[in-house]
file protein04.txt (compact mmCIF, C-alpha atoms and all ligand atoms)
# COMPACT_ATOMS: atom_id res chain seq x y z
CA MET A 244 -3.59 -25.94 -15.76
CA LYS A 245 -3.44 -24.28 -12.34
CA PRO A 246 -6.06 -21.92 -10.97
CA PRO A 247 -6.71 -19.07 -11.62
CA PHE A 248 -5.58 -19.79 -15.21
CA GLN A 249 -7.89 -22.81 -15.35
CA GLN A 250 -10.96 -20.62 -14.78
CA ALA A 251 -9.95 -18.20 -17.57
CA LEU A 252 -9.04 -20.94 -20.06
CA GLY A 253 -12.52 -20.82 -21.58
CA ILE A 254 -11.83 -17.30 -22.91
CA ILE A 255 -8.59 -18.34 -24.61
CA ARG A 256 -10.26 -21.42 -26.15
CA GLN A 257 -13.24 -19.44 -27.37
CA LEU A 258 -10.97 -16.89 -29.06
CA ASN A 259 -8.90 -19.71 -30.59
CA ARG A 260 -12.09 -21.36 -31.92
CA HIS A 261 -12.93 -18.15 -33.73
CA GLY A 262 -9.52 -18.20 -35.36
CA TYR A 263 -7.75 -15.66 -33.17
CA GLU A 264 -4.57 -16.08 -31.18
CA ALA A 265 -4.91 -15.61 -27.44
CA TYR A 266 -2.46 -15.95 -24.55
CA PHE A 267 -2.06 -15.34 -20.87
CA VAL A 268 0.43 -12.49 -20.41
CA GLY A 269 2.02 -10.12 -17.93
CA GLY A 270 2.27 -10.34 -14.16
CA ALA A 271 0.23 -13.54 -13.77
CA VAL A 272 2.58 -15.59 -16.00
CA ARG A 273 5.60 -14.07 -14.24
CA ASP A 274 4.18 -14.94 -10.82
CA LEU A 275 3.31 -18.48 -11.95
CA LEU A 276 6.94 -19.03 -13.00
CA LEU A 277 8.11 -17.52 -9.71
CA GLY A 278 5.77 -19.64 -7.62
CA ARG A 279 4.24 -16.48 -6.12
CA PRO A 280 0.53 -15.91 -5.44
CA ILE A 281 -1.10 -15.02 -8.74
CA GLY A 282 -3.05 -11.77 -9.06
CA ASP A 283 -5.17 -10.66 -11.99
CA VAL A 284 -4.98 -12.89 -15.03
CA ASP A 285 -4.57 -10.78 -18.18
CA ILE A 286 -5.14 -12.02 -21.71
CA ALA A 287 -3.65 -10.72 -24.96
CA THR A 288 -5.25 -11.55 -28.30
CA SER A 289 -5.00 -10.89 -32.02
CA ALA A 290 -8.76 -10.15 -32.07
CA LEU A 291 -9.69 -6.46 -32.28
CA PRO A 292 -11.81 -5.01 -29.45
CA ASP A 293 -14.98 -5.13 -31.62
CA GLU A 294 -14.24 -8.74 -32.48
CA VAL A 295 -13.81 -9.60 -28.80
CA MET A 296 -17.10 -7.89 -27.95
CA ALA A 297 -18.84 -9.79 -30.75
CA ILE A 298 -17.70 -13.18 -29.43
CA PHE A 299 -18.54 -12.90 -25.73
CA PRO A 300 -22.03 -12.26 -24.40
CA LYS A 301 -20.88 -10.25 -21.36
CA THR A 302 -18.26 -7.59 -22.02
CA ILE A 303 -17.51 -4.13 -20.69
CA ASP A 304 -15.82 -1.54 -22.85
CA VAL A 305 -13.25 -0.18 -20.39
CA GLY A 306 -10.91 1.27 -22.99
CA SER A 307 -11.35 -0.26 -26.41
CA LYS A 308 -9.48 2.74 -27.86
CA HIS A 309 -6.42 1.34 -26.08
CA GLY A 310 -7.40 -2.20 -26.96
CA THR A 311 -8.81 -3.35 -23.64
CA VAL A 312 -12.17 -5.02 -23.19
CA VAL A 313 -13.30 -6.67 -19.96
CA VAL A 314 -14.82 -10.09 -20.52
CA VAL A 315 -17.00 -11.42 -17.72
CA HIS A 316 -16.54 -15.17 -17.67
CA GLU A 317 -18.20 -17.39 -15.07
CA GLY A 318 -18.67 -14.40 -12.79
CA THR A 319 -15.08 -13.11 -12.98
CA ALA A 320 -13.88 -10.10 -14.97
CA TYR A 321 -10.81 -10.49 -17.17
CA GLU A 322 -8.99 -7.82 -19.15
CA VAL A 323 -8.61 -8.92 -22.74
CA THR A 324 -6.26 -6.64 -24.66
CA THR A 325 -5.59 -6.64 -28.38
CA PHE A 326 -1.95 -7.10 -29.41
CA ARG A 327 -0.66 -3.58 -29.77
CA THR A 328 2.35 -1.37 -29.98
CA ASP A 329 2.11 1.90 -28.19
CA GLY A 330 1.79 4.96 -30.40
CA ASP A 331 3.64 8.20 -29.88
CA TYR A 332 4.50 8.95 -26.32
CA GLU A 333 3.73 12.39 -25.10
CA ASP A 334 5.33 13.64 -21.91
CA HIS A 335 6.80 10.23 -21.08
CA ARG A 336 3.46 8.98 -19.83
CA ARG A 337 1.53 6.11 -21.28
CA PRO A 338 0.42 6.87 -24.81
CA GLU A 339 -2.63 8.70 -26.06
CA SER A 340 -3.09 6.32 -28.93
CA VAL A 341 -2.02 2.78 -29.72
CA THR A 342 -1.56 0.78 -32.90
CA PHE A 343 -3.05 -2.67 -33.04
CA VAL A 344 -0.82 -5.39 -34.41
CA ARG A 345 -1.48 -9.02 -35.27
CA SER A 346 1.66 -10.57 -33.75
CA LEU A 347 2.24 -11.62 -30.18
CA GLU A 348 5.95 -10.91 -30.39
CA GLU A 349 5.37 -7.29 -31.34
CA ASP A 350 3.05 -6.95 -28.37
CA LEU A 351 5.57 -8.49 -25.95
CA LYS A 352 8.31 -6.24 -27.33
CA ARG A 353 6.60 -3.05 -26.04
CA ARG A 354 6.41 -4.33 -22.46
CA ASP A 355 8.62 -3.09 -19.65
CA PHE A 356 10.73 -5.95 -18.27
CA THR A 357 11.66 -9.31 -19.75
CA MET A 358 10.03 -11.15 -16.83
CA ASN A 359 6.79 -9.31 -17.72
CA ALA A 360 7.05 -10.11 -21.43
CA ILE A 361 6.33 -13.84 -21.24
CA ALA A 362 3.17 -15.40 -22.68
CA MET A 363 1.49 -18.76 -22.07
CA ASP A 364 -0.89 -20.49 -24.49
CA GLU A 365 -3.91 -22.72 -23.86
CA HIS A 366 -1.70 -25.81 -23.39
CA GLY A 367 0.51 -24.11 -20.81
CA THR A 368 3.34 -23.70 -23.33
CA ILE A 369 5.56 -20.72 -22.53
CA ILE A 370 6.43 -18.20 -25.26
CA ASP A 371 9.43 -16.19 -24.15
CA PRO A 372 11.18 -14.39 -27.02
CA PHE A 373 13.11 -11.94 -24.82
CA GLY A 374 14.72 -14.20 -22.24
CA GLY A 375 12.31 -13.56 -19.39
CA GLN A 376 12.80 -17.01 -17.86
CA GLU A 377 16.58 -16.60 -17.91
CA ALA A 378 16.21 -13.23 -16.13
CA ILE A 379 13.98 -14.89 -13.53
CA GLU A 380 16.57 -17.62 -12.98
CA LYS A 381 19.28 -15.02 -12.55
CA ARG A 382 16.95 -12.94 -10.40
CA LEU A 383 17.39 -9.90 -12.64
CA ILE A 384 15.09 -7.07 -13.63
CA ARG A 385 16.01 -6.24 -17.20
CA THR A 386 14.16 -4.12 -19.73
CA VAL A 387 12.92 -5.56 -23.00
CA GLY A 388 15.32 -4.13 -25.58
CA GLU A 389 16.79 -0.70 -25.07
CA ALA A 390 16.35 0.50 -21.49
CA ASP A 391 16.43 4.21 -22.35
CA ALA A 392 13.59 3.79 -24.82
CA ARG A 393 11.42 1.80 -22.37
CA PHE A 394 11.82 4.46 -19.66
CA ARG A 395 11.27 7.34 -22.07
CA GLU A 396 8.00 5.69 -23.11
CA ASP A 397 6.68 5.52 -19.56
CA ALA A 398 8.85 6.99 -16.82
CA LEU A 399 6.83 5.22 -14.12
CA ARG A 400 8.54 2.00 -15.22
CA MET A 401 11.64 3.19 -13.31
CA MET A 402 9.61 3.16 -10.09
CA ARG A 403 8.16 -0.21 -11.10
CA ALA A 404 11.71 -1.57 -11.41
CA VAL A 405 12.57 -0.59 -7.83
CA ARG A 406 9.17 -1.79 -6.60
CA PHE A 407 9.89 -5.23 -8.13
CA VAL A 408 13.24 -5.23 -6.29
CA SER A 409 11.23 -4.85 -3.09
CA GLN A 410 8.62 -7.47 -3.99
CA LEU A 411 10.93 -10.10 -5.48
CA GLY A 412 14.37 -9.47 -4.00
CA PHE A 413 15.79 -9.35 -7.55
CA SER A 414 18.61 -7.02 -8.65
CA LEU A 415 18.53 -4.44 -11.41
CA ALA A 416 20.48 -5.52 -14.51
CA ILE A 417 23.48 -3.21 -14.97
CA ASP A 418 22.20 -1.52 -18.14
CA THR A 419 18.74 -1.14 -16.65
CA LYS A 420 20.15 0.53 -13.56
CA LYS A 421 22.35 2.84 -15.63
CA ALA A 422 19.34 3.86 -17.70
CA ILE A 423 17.32 4.62 -14.57
CA ILE A 424 20.12 6.86 -13.29
CA ALA A 425 20.23 8.63 -16.66
CA ASN A 426 16.46 9.02 -17.02
CA ALA A 427 15.43 9.67 -13.40
CA PRO A 428 14.45 13.32 -14.14
CA LEU A 429 11.65 12.04 -16.42
CA LEU A 430 9.81 10.99 -13.27
CA ALA A 431 8.84 14.66 -12.94
CA HIS A 432 6.26 14.03 -15.72
CA ILE A 433 4.44 11.33 -13.76
CA SER A 434 1.38 12.02 -11.64
CA VAL A 435 1.76 11.75 -7.87
CA GLU A 436 -1.08 9.20 -7.72
CA ARG A 437 0.79 6.73 -9.93
CA MET A 438 4.03 7.23 -7.97
CA THR A 439 2.17 6.69 -4.70
CA MET A 440 0.72 3.38 -5.91
CA GLU A 441 4.22 2.13 -6.69
CA MET A 442 5.62 3.51 -3.41
CA GLU A 443 2.97 1.67 -1.40
CA LYS A 444 3.81 -1.61 -3.14
CA LEU A 445 7.51 -0.87 -2.54
CA LEU A 446 7.04 -0.22 1.19
CA ALA A 447 4.99 -3.43 1.53
CA GLY A 448 7.51 -5.67 -0.24
CA PRO A 449 9.58 -8.23 1.69
CA PHE A 450 12.76 -6.56 0.41
CA ALA A 451 11.81 -2.91 1.08
CA ALA A 452 15.05 -2.49 3.05
CA GLU A 453 16.96 -3.08 -0.20
CA ALA A 454 14.67 -1.02 -2.41
CA LEU A 455 14.61 2.20 -0.33
CA PRO A 456 18.36 2.90 -0.57
CA LEU A 457 18.07 2.12 -4.28
CA LEU A 458 15.69 5.06 -4.69
CA ALA A 459 18.52 7.28 -3.49
CA GLU A 460 21.25 5.49 -5.41
CA THR A 461 19.42 5.79 -8.73
CA GLY A 462 18.47 9.43 -8.13
CA LEU A 463 14.74 8.64 -8.36
CA SER A 464 14.23 10.03 -4.85
CA THR A 465 15.12 13.52 -6.12
CA TYR A 466 11.81 13.50 -8.03
CA LEU A 467 9.59 11.90 -5.40
CA PRO A 468 7.41 13.98 -3.04
CA GLY A 469 9.37 15.16 0.01
CA LEU A 470 12.34 12.87 -0.73
CA ALA A 471 14.59 15.23 -2.68
CA GLU A 472 16.84 15.95 0.29
CA LYS A 473 16.50 12.56 1.96
CA GLY A 474 19.12 10.47 0.17
CA GLU A 475 21.20 9.74 3.26
CA TRP A 476 18.11 8.92 5.32
CA LEU A 477 16.84 6.52 2.65
CA ARG A 478 20.14 4.65 2.76
CA ARG A 479 19.80 4.33 6.53
CA ALA A 480 16.20 3.10 6.18
CA ALA A 481 17.76 -0.25 5.21
CA ALA A 482 18.31 -0.90 8.93
CA TYR A 483 14.58 -1.15 9.74
CA ARG A 484 12.35 -4.23 9.78
CA TRP A 485 9.84 -3.11 7.13
CA PRO A 486 8.27 -6.56 6.64
CA TRP A 487 7.08 -6.62 10.26
CA LEU A 488 4.53 -3.92 9.46
CA ALA A 489 1.04 -5.02 8.54
CA ALA A 490 -0.83 -1.84 7.55
CA ARG A 491 -0.20 1.01 5.15
CA GLU A 492 -0.62 3.58 7.98
CA GLU A 493 2.20 1.84 9.87
CA ARG A 494 4.42 1.89 6.78
CA TRP A 495 3.91 5.60 6.15
CA ALA A 496 4.46 6.31 9.85
CA LEU A 497 7.73 4.38 9.82
CA LEU A 498 8.78 6.16 6.61
CA CYS A 499 8.21 9.56 8.26
CA HIS A 500 10.15 8.47 11.32
CA ALA A 501 12.94 6.87 9.32
CA LEU A 502 13.37 10.01 7.22
CA GLY A 503 13.33 12.38 10.17
CA VAL A 504 10.22 14.11 8.80
CA LYS A 505 9.33 16.75 11.39
CA GLU A 506 5.74 17.26 10.30
CA SER A 507 4.10 14.18 8.89
CA ARG A 508 0.96 15.92 7.65
CA PRO A 509 2.39 18.06 4.81
CA PHE A 510 4.74 15.23 3.83
CA LEU A 511 1.92 12.69 3.55
CA ARG A 512 -0.35 15.22 1.86
CA ALA A 513 2.27 15.68 -0.83
CA TRP A 514 1.83 11.95 -1.61
CA LYS A 515 -1.92 12.66 -1.94
CA LEU A 516 -2.83 9.92 0.51
CA PRO A 517 -6.41 9.67 1.79
CA ASN A 518 -7.08 11.78 4.91
CA LYS A 519 -7.79 8.65 6.93
CA VAL A 520 -4.29 7.34 6.25
CA ILE A 521 -2.70 10.74 6.95
CA ASP A 522 -4.60 11.05 10.25
CA GLU A 523 -3.81 7.54 11.44
CA ALA A 524 -0.11 7.71 10.52
CA GLY A 525 0.06 11.08 12.35
CA ALA A 526 -1.66 9.61 15.40
CA ILE A 527 0.72 6.62 15.45
CA LEU A 528 3.71 8.98 15.33
CA ALA A 529 2.31 11.27 18.04
CA THR A 530 1.64 8.31 20.34
CA LEU A 531 5.07 6.82 19.63
CA ALA A 532 6.60 10.11 20.77
CA ALA A 533 4.35 10.32 23.84
CA VAL A 534 5.07 6.74 24.96
CA PRO A 535 8.88 6.57 24.92
CA GLU A 536 9.13 2.83 25.66
CA PRO A 537 6.80 -0.18 25.71
CA ALA A 538 6.71 -0.21 29.53
CA ALA A 539 5.66 3.44 29.68
CA TRP A 540 2.01 3.09 28.55
CA THR A 541 -0.41 4.58 31.07
CA ASN A 542 -3.98 3.35 31.23
CA GLU A 543 -5.11 6.71 29.90
CA GLN A 544 -2.77 6.54 26.89
CA LEU A 545 -3.87 2.99 26.14
CA PHE A 546 -7.54 3.92 26.43
CA LEU A 547 -7.13 6.98 24.17
CA ALA A 548 -5.11 5.11 21.56
CA GLY A 549 -7.39 2.08 21.49
CA LEU A 550 -5.94 -1.41 21.10
CA LYS A 551 -5.49 -1.31 17.32
CA ARG A 552 -3.42 1.88 17.33
CA ALA A 553 -1.48 0.82 20.42
CA LEU A 554 -0.44 -2.39 18.62
CA SER A 555 0.54 -0.29 15.57
CA VAL A 556 2.73 1.93 17.75
CA GLU A 557 4.58 -1.08 19.17
CA VAL A 558 5.08 -2.73 15.80
CA VAL A 559 6.50 0.52 14.39
CA ARG A 560 8.79 0.81 17.42
CA ALA A 561 9.87 -2.79 16.96
CA ALA A 562 10.59 -2.18 13.26
CA LEU A 563 12.80 0.75 14.30
CA THR A 564 14.67 -1.02 17.09
CA GLY A 565 14.72 -4.58 15.75
CA LYS A 566 13.38 -5.92 19.05
CA PRO A 567 10.49 -8.38 18.67
CA TYR A 568 7.02 -6.93 19.13
CA GLU A 569 5.12 -10.04 20.29
CA PRO A 570 5.82 -9.62 24.05
CA GLN A 571 4.67 -5.98 23.89
CA HIS A 572 1.58 -6.96 21.91
CA ASP A 573 0.65 -9.67 24.43
CA GLU A 574 1.09 -7.25 27.32
CA LEU A 575 -0.99 -4.51 25.63
CA ARG A 576 -3.78 -6.96 24.80
CA ARG A 577 -3.86 -8.10 28.43
CA ARG A 578 -3.89 -4.55 29.78
CA PHE A 579 -6.50 -3.35 27.31
CA ALA A 580 -8.75 -6.30 28.21
CA ALA A 581 -8.42 -5.29 31.85
CA LEU A 582 -9.55 -1.68 31.27
CA PRO A 583 -12.98 -1.17 32.86
CA ILE A 584 -14.20 0.69 29.77
CA LYS A 585 -12.88 0.59 26.20
CA THR A 586 -14.61 3.70 24.82
CA LYS A 587 -16.07 6.90 26.24
CA GLY A 588 -19.47 5.65 25.09
CA GLU A 589 -19.27 2.90 27.73
CA LEU A 590 -19.16 5.42 30.57
CA ALA A 591 -22.17 5.01 32.93
CA VAL A 592 -22.90 8.76 32.77
CA ASN A 593 -23.11 11.35 30.01
CA GLY A 594 -23.20 15.16 29.77
CA LYS A 595 -26.92 15.35 30.44
CA VAL A 596 -26.64 13.35 33.66
CA VAL A 597 -23.75 15.54 34.87
CA ILE A 598 -25.70 18.76 34.12
CA ASP A 599 -28.71 17.39 36.06
CA TRP A 600 -26.50 16.52 39.03
CA ILE A 601 -24.63 19.80 39.23
CA GLY A 602 -27.53 22.01 38.18
CA LYS A 603 -25.39 24.54 36.32
CA PRO A 604 -26.05 25.61 32.70
CA ALA A 605 -24.12 23.67 30.05
CA GLY A 606 -20.66 24.99 29.24
CA PRO A 607 -17.04 23.86 28.82
CA TRP A 608 -17.17 22.55 32.39
CA VAL A 609 -19.27 19.56 31.21
CA LYS A 610 -16.52 18.18 28.98
CA GLU A 611 -13.91 18.88 31.66
CA THR A 612 -15.98 16.96 34.20
CA LEU A 613 -16.59 14.03 31.84
CA ASP A 614 -12.86 13.90 31.06
CA ALA A 615 -12.10 13.76 34.78
CA ILE A 616 -14.67 10.96 35.16
CA TRP A 617 -13.35 8.69 32.40
CA ARG A 618 -9.81 9.22 33.66
CA ALA A 619 -10.84 8.20 37.16
CA VAL A 620 -12.71 5.15 35.82
CA VAL A 621 -9.82 4.09 33.55
CA ASN A 622 -7.36 4.50 36.45
CA GLY A 623 -9.52 2.42 38.76
CA GLU A 624 -10.25 5.31 41.14
CA VAL A 625 -13.98 4.84 40.79
CA GLU A 626 -16.21 2.06 39.51
CA ASN A 627 -18.11 2.67 36.28
CA GLU A 628 -21.45 2.89 38.07
CA LYS A 629 -23.80 5.87 38.29
CA GLU A 630 -24.08 6.11 42.10
CA ARG A 631 -20.35 5.55 42.63
CA ILE A 632 -19.50 8.21 40.07
CA TYR A 633 -21.95 10.60 41.75
CA ALA A 634 -20.32 10.04 45.13
CA TRP A 635 -16.85 10.42 43.63
CA LEU A 636 -17.88 13.65 41.91
CA MET A 637 -19.33 15.16 45.10
CA GLU A 638 -16.18 14.23 47.01
CA ARG A 639 -14.09 15.80 44.26
CA SER A 640 -15.97 19.11 44.32
CA ARG A 641 -15.62 19.19 48.13
CA THR A 642 -11.84 18.82 47.93
CA GLN A 643 -11.66 21.29 45.07
CA GLU A 644 -13.63 23.87 47.11
CA LYS A 645 -11.37 23.23 50.07
CA ASN A 646 -8.29 23.81 47.94
CA CYS A 647 -9.58 27.10 46.55
N1 LIG B 1 4.20 0.79 -17.20
C1 LIG B 1 3.91 -0.42 -17.59
C2 LIG B 1 2.91 -1.16 -16.93
C3 LIG B 1 2.62 -2.44 -17.37
N2 LIG B 1 3.29 -2.98 -18.41
C4 LIG B 1 2.96 -4.35 -18.91
O1 LIG B 1 1.63 -4.68 -18.54
C5 LIG B 1 1.61 -5.83 -17.70
C6 LIG B 1 0.50 -5.72 -16.65
O2 LIG B 1 0.64 -4.51 -15.92
P1 LIG B 1 0.33 -4.38 -14.37
O3 LIG B 1 -0.80 -5.24 -13.98
O4 LIG B 1 0.29 -2.92 -14.07
O5 LIG B 1 1.68 -4.90 -13.67
P2 LIG B 1 2.13 -6.36 -13.32
O6 LIG B 1 3.46 -6.60 -13.96
O7 LIG B 1 1.05 -7.33 -13.65
O8 LIG B 1 2.37 -6.28 -11.76
P3 LIG B 1 1.31 -6.55 -10.59
O9 LIG B 1 1.61 -7.93 -10.13
O10 LIG B 1 1.65 -5.54 -9.55
O11 LIG B 1 -0.05 -6.35 -11.17
C7 LIG B 1 3.01 -5.91 -17.14
O12 LIG B 1 3.35 -7.21 -16.71
C8 LIG B 1 3.83 -5.44 -18.32
O13 LIG B 1 3.96 -6.46 -19.26
C9 LIG B 1 4.28 -2.24 -19.05
O14 LIG B 1 4.89 -2.74 -20.00
N3 LIG B 1 4.57 -0.97 -18.64
MG MG B 2 -1.05 -7.17 -12.98
call {"tool": "encode", "arguments": {"input": "protein04.txt", "output": "structure tokens"}}
result
Amino acid sequence: MKPPFQQALGIIRQLNRHGYEAYFVGGAVRDLLLGRPIGDVDIATSALPDEVMAIFPKTIDVGSKHGTVVVVHEGTAYEVTTFRTDGDYEDHRRPESVTFVRSLEEDLKRRDFTMNAIAMDEHGTIIDPFGGQEAIEKRLIRTVGEADARFREDALRMMRAVRFVSQLGFSLAIDTKKAIIANAPLLAHISVERMTMEMEKLLAGPFAAEALPLLAETGLSTYLPGLAEKGEWLRRAAAYRWPWLAAREERWALLCHALGVKESRPFLRAWKLPNKVIDEAGAILATLAAVPEPAAWTNEQLFLAGLKRALSVEVVRAALTGKPYEPQHDELRRRFAALPIKTKGELAVNGKVVIDWIGKPAGPWVKETLDAIWRAVVNGEVENEKERIYAWLMERSRTQEKNC
């Protein structure tokens, strides 16, 4: 058996030895069949949470009420979840209570999509009662059983469907798509945080250009933060090279640009993103506007942006225009390396030195003077050396006096 299943096999065997059924389930089995990199390995079992905790020496009760116990096995944590059907759904979010069942098939039946409802036993045998493998072969995202019911249970599944389109390049099965269109308003019951997690996976997928217009086509965008009026823009977002982007800040910046968002801050705040992401995406957009083409970077702009952000700006521009970003990146790296200083901290003088030289009490003039100094250094007008800067500063005040 392949890693990482091999490492978790001991848990399945141990449960089997105690007379319980146990299988690998969910995304890991799907990704194994797809030949994709495998994420977290999840295990489903007929053993009740207490029974699981009694068998394994190291367990963490992360939600035994919902059936989930974390088993720490050879240093790795695995979620082991008792076969269950979800109880009553309130507000179309995941349920308050669950009912434990003793059959695998009942457990698989409550899952979202057929490709996610496949199990694998300790011998690597696939158990696929709902045609998940067939859906994978046909590259289709199809709900297990009645689509309306699956989306009413947890409305976030509709976002998951479109996110899988972006990650896998699959299509939505006709009935599944129809049900999303019909149930899209239920998304209003879902917390922004959960929507944002799906949106970030969607934006990072290799097929984001196909998934974004689908948000508009299905009507989901009507219920997403700041996207209600952006249907036409989302359709046009298909033209951009989303997979070229490497960081979440770049993706959110491109989304703002692609949607014609005038003020990125309130838009990104509505998605409840961390301030660091909001700030960086805003800074990328501001610099993109200030530097209208790759050849237009001044030394000062490059210094202020720093190399990392400058590269982000060019990759976002490239994603918008479709022109390759490598030549711009090479040029920016070369120019940044040639800057005499990379940060203001590297300046040979500081505020205290300048106050000593000029002999005036501290005030806004200190920052103004330091700004003039780093600009002169970055532009090659003066060497980053104390005496040279002193001479340059004296010369500057002479000319300034003359001009007054
Ligand atoms: N709203 C949801 C979320 C999850 N699941 C089920 O729980 C499994 C694990 O959920 P999760 O890890 O959230 O998703 P994955 O499908 O594993 O996707 P990823 O690769 O992003 O983890 C899914 O495969 C699916 O069977 C579900 O039925 N409904
Ligand atoms: Mg998973």
call {"tool": "residues_near_ligand", "arguments": {"input": "protein04.txt", "ligand": "ligand LIG 1 (chain B)", "cutoff": "7 Å", "atoms": "only C-alpha atoms and all ligand atoms", "output": "PyMOL selection string"}}
result
chain A and resi 269-271+282-283+353-356+359-360+397+399-400
call {"tool": "write_last_selection", "arguments": {"input": "protein04.txt", "atoms": "C-alpha atoms", "output": "PDB file, in the coordinates of the input"}}
result
ATOM      1  CA  GLY A 269       2.020 -10.120 -17.930  1.00  0.00           C
ATOM      2  CA  GLY A 270       2.270 -10.340 -14.160  1.00  0.00           C
ATOM      3  CA  ALA A 271       0.230 -13.540 -13.770  1.00  0.00           C
ATOM      4  CA  GLY A 282      -3.050 -11.770  -9.060  1.00  0.00           C
ATOM      5  CA  ASP A 283      -5.170 -10.660 -11.990  1.00  0.00           C
ATOM      6  CA  ARG A 353       6.600  -3.050 -26.040  1.00  0.00           C
ATOM      7  CA  ARG A 354       6.410  -4.330 -22.460  1.00  0.00           C
ATOM      8  CA  ASP A 355       8.620  -3.090 -19.650  1.00  0.00           C
ATOM      9  CA  PHE A 356      10.730  -5.950 -18.270  1.00  0.00           C
ATOM     10  CA  ASN A 359       6.790  -9.310 -17.720  1.00  0.00           C
ATOM     11  CA  ALA A 360       7.050 -10.110 -21.430  1.00  0.00           C
ATOM     12  CA  ASP A 397       6.680   5.520 -19.560  1.00  0.00           C
ATOM     13  CA  LEU A 399       6.830   5.220 -14.120  1.00  0.00           C
ATOM     14  CA  ARG A 400       8.540   2.000 -15.220  1.00  0.00           C
TER      15      ARG A 400
END
call {"tool": "closest_residue", "arguments": {"input": "protein04.txt", "among": "A:Arg273, A:Arg478, A:Arg508, A:Lys566", "to": "ligand MG 2 (chain B)", "atoms": "all atoms listed in the file"}}
result
A:Arg273
call {"tool": "closest_residue", "arguments": {"input": "protein04.txt", "among": "A:Leu547, A:Ala562, A:Ile361, A:Ala490", "to": "Ala452 in chain A", "atoms": "only C-alpha atoms"}}
result
A:Ala562
call {"tool": "atom_distance", "arguments": {"input": "protein04.txt", "atom1": "CA of Ala553 in chain A", "atom2": "CA of Pro537 in chain A"}}
result
9.9 Å
call {"tool": "atom_distance", "arguments": {"input": "protein04.txt", "atom1": "CA of Ser307 in chain A", "atom2": "CA of Pro292 in chain A"}}
result
5.7 Å
call {"tool": "residues_around", "arguments": {"input": "protein04.txt", "residues": "range 421-423 of chain A", "least_positions_apart": "4", "cutoff": "9 Å", "atoms": "all atoms listed in the file", "output": "PyMOL selection string"}}
result
chain A and resi 390-391+394+401+404+416-417+427+461-463
call {"tool": "closest_residue", "arguments": {"input": "protein04.txt", "among": "A:Val314, A:Leu252, A:Val284, A:Val621", "to": "ligand MG 2 (chain B)", "atoms": "only C-alpha atoms and all ligand atoms"}}
result
A:Val284
call {"tool": "atom_distance", "arguments": {"input": "protein04.txt", "atom1": "CA of Met438 in chain A", "atom2": "CA of Trp514 in chain A"}}
result
8.2 Å
call {"tool": "residues_around", "arguments": {"input": "protein04.txt", "residues": "Phe248 in chain A", "least_positions_apart": "2", "cutoff": "10 Å", "atoms": "all atoms listed in the file", "output": "NGL selection string"}}
result
:A and (244-246 or 250-253 or 255 or 267 or 271-272 or 275 or 281 or 283-285 or 363 or 365 or 367)
call {"tool": "write_last_selection", "arguments": {"input": "protein04.txt", "atoms": "C-alpha atoms", "output": "compact mmCIF listing (two decimals), keeping the file's coordinate frame"}}
result
# COMPACT_ATOMS: atom_id res chain seq x y z
CA MET A 244 -3.59 -25.94 -15.76
CA LYS A 245 -3.44 -24.28 -12.34
CA PRO A 246 -6.06 -21.92 -10.97
CA GLN A 250 -10.96 -20.62 -14.78
CA ALA A 251 -9.95 -18.20 -17.57
CA LEU A 252 -9.04 -20.94 -20.06
CA GLY A 253 -12.52 -20.82 -21.58
CA ILE A 255 -8.59 -18.34 -24.61
CA PHE A 267 -2.06 -15.34 -20.87
CA ALA A 271 0.23 -13.54 -13.77
CA VAL A 272 2.58 -15.59 -16.00
CA LEU A 275 3.31 -18.48 -11.95
CA ILE A 281 -1.10 -15.02 -8.74
CA ASP A 283 -5.17 -10.66 -11.99
CA VAL A 284 -4.98 -12.89 -15.03
CA ASP A 285 -4.57 -10.78 -18.18
CA MET A 363 1.49 -18.76 -22.07
CA GLU A 365 -3.91 -22.72 -23.86
CA GLY A 367 0.51 -24.11 -20.81
call {"tool": "residues_around", "arguments": {"input": "protein04.txt", "residues": "Asn259 in chain A", "least_positions_apart": "4", "cutoff": "10 Å", "atoms": "all atoms listed in the file", "output": "number ranges by chain"}}
result
A: 253-255, 263-266, 288-290, 365
call {"tool": "write_last_selection", "arguments": {"input": "protein04.txt", "atoms": "C-alpha atoms", "output": "PDB file, in the coordinates of the input"}}
result
ATOM      1  CA  GLY A 253     -12.520 -20.820 -21.580  1.00  0.00           C
ATOM      2  CA  ILE A 254     -11.830 -17.300 -22.910  1.00  0.00           C
ATOM      3  CA  ILE A 255      -8.590 -18.340 -24.610  1.00  0.00           C
ATOM      4  CA  TYR A 263      -7.750 -15.660 -33.170  1.00  0.00           C
ATOM      5  CA  GLU A 264      -4.570 -16.080 -31.180  1.00  0.00           C
ATOM      6  CA  ALA A 265      -4.910 -15.610 -27.440  1.00  0.00           C
ATOM      7  CA  TYR A 266      -2.460 -15.950 -24.550  1.00  0.00           C
ATOM      8  CA  THR A 288      -5.250 -11.550 -28.300  1.00  0.00           C
ATOM      9  CA  SER A 289      -5.000 -10.890 -32.020  1.00  0.00           C
ATOM     10  CA  ALA A 290      -8.760 -10.150 -32.070  1.00  0.00           C
ATOM     11  CA  GLU A 365      -3.910 -22.720 -23.860  1.00  0.00           C
TER      12      GLU A 365
END
call {"tool": "closest_residue", "arguments": {"input": "protein04.txt", "among": "A:Asp599, A:Asp274, A:Glu472, A:Glu436", "to": "ligand MG 2 (chain B)", "atoms": "only C-alpha atoms and all ligand atoms"}}
result
A:Asp274
call {"tool": "closest_residue", "arguments": {"input": "protein04.txt", "among": "A:Leu582, A:Ile370, A:Ala532, A:Leu563", "to": "Met358 in chain A", "atoms": "only C-alpha atoms"}}
result
A:Ile370
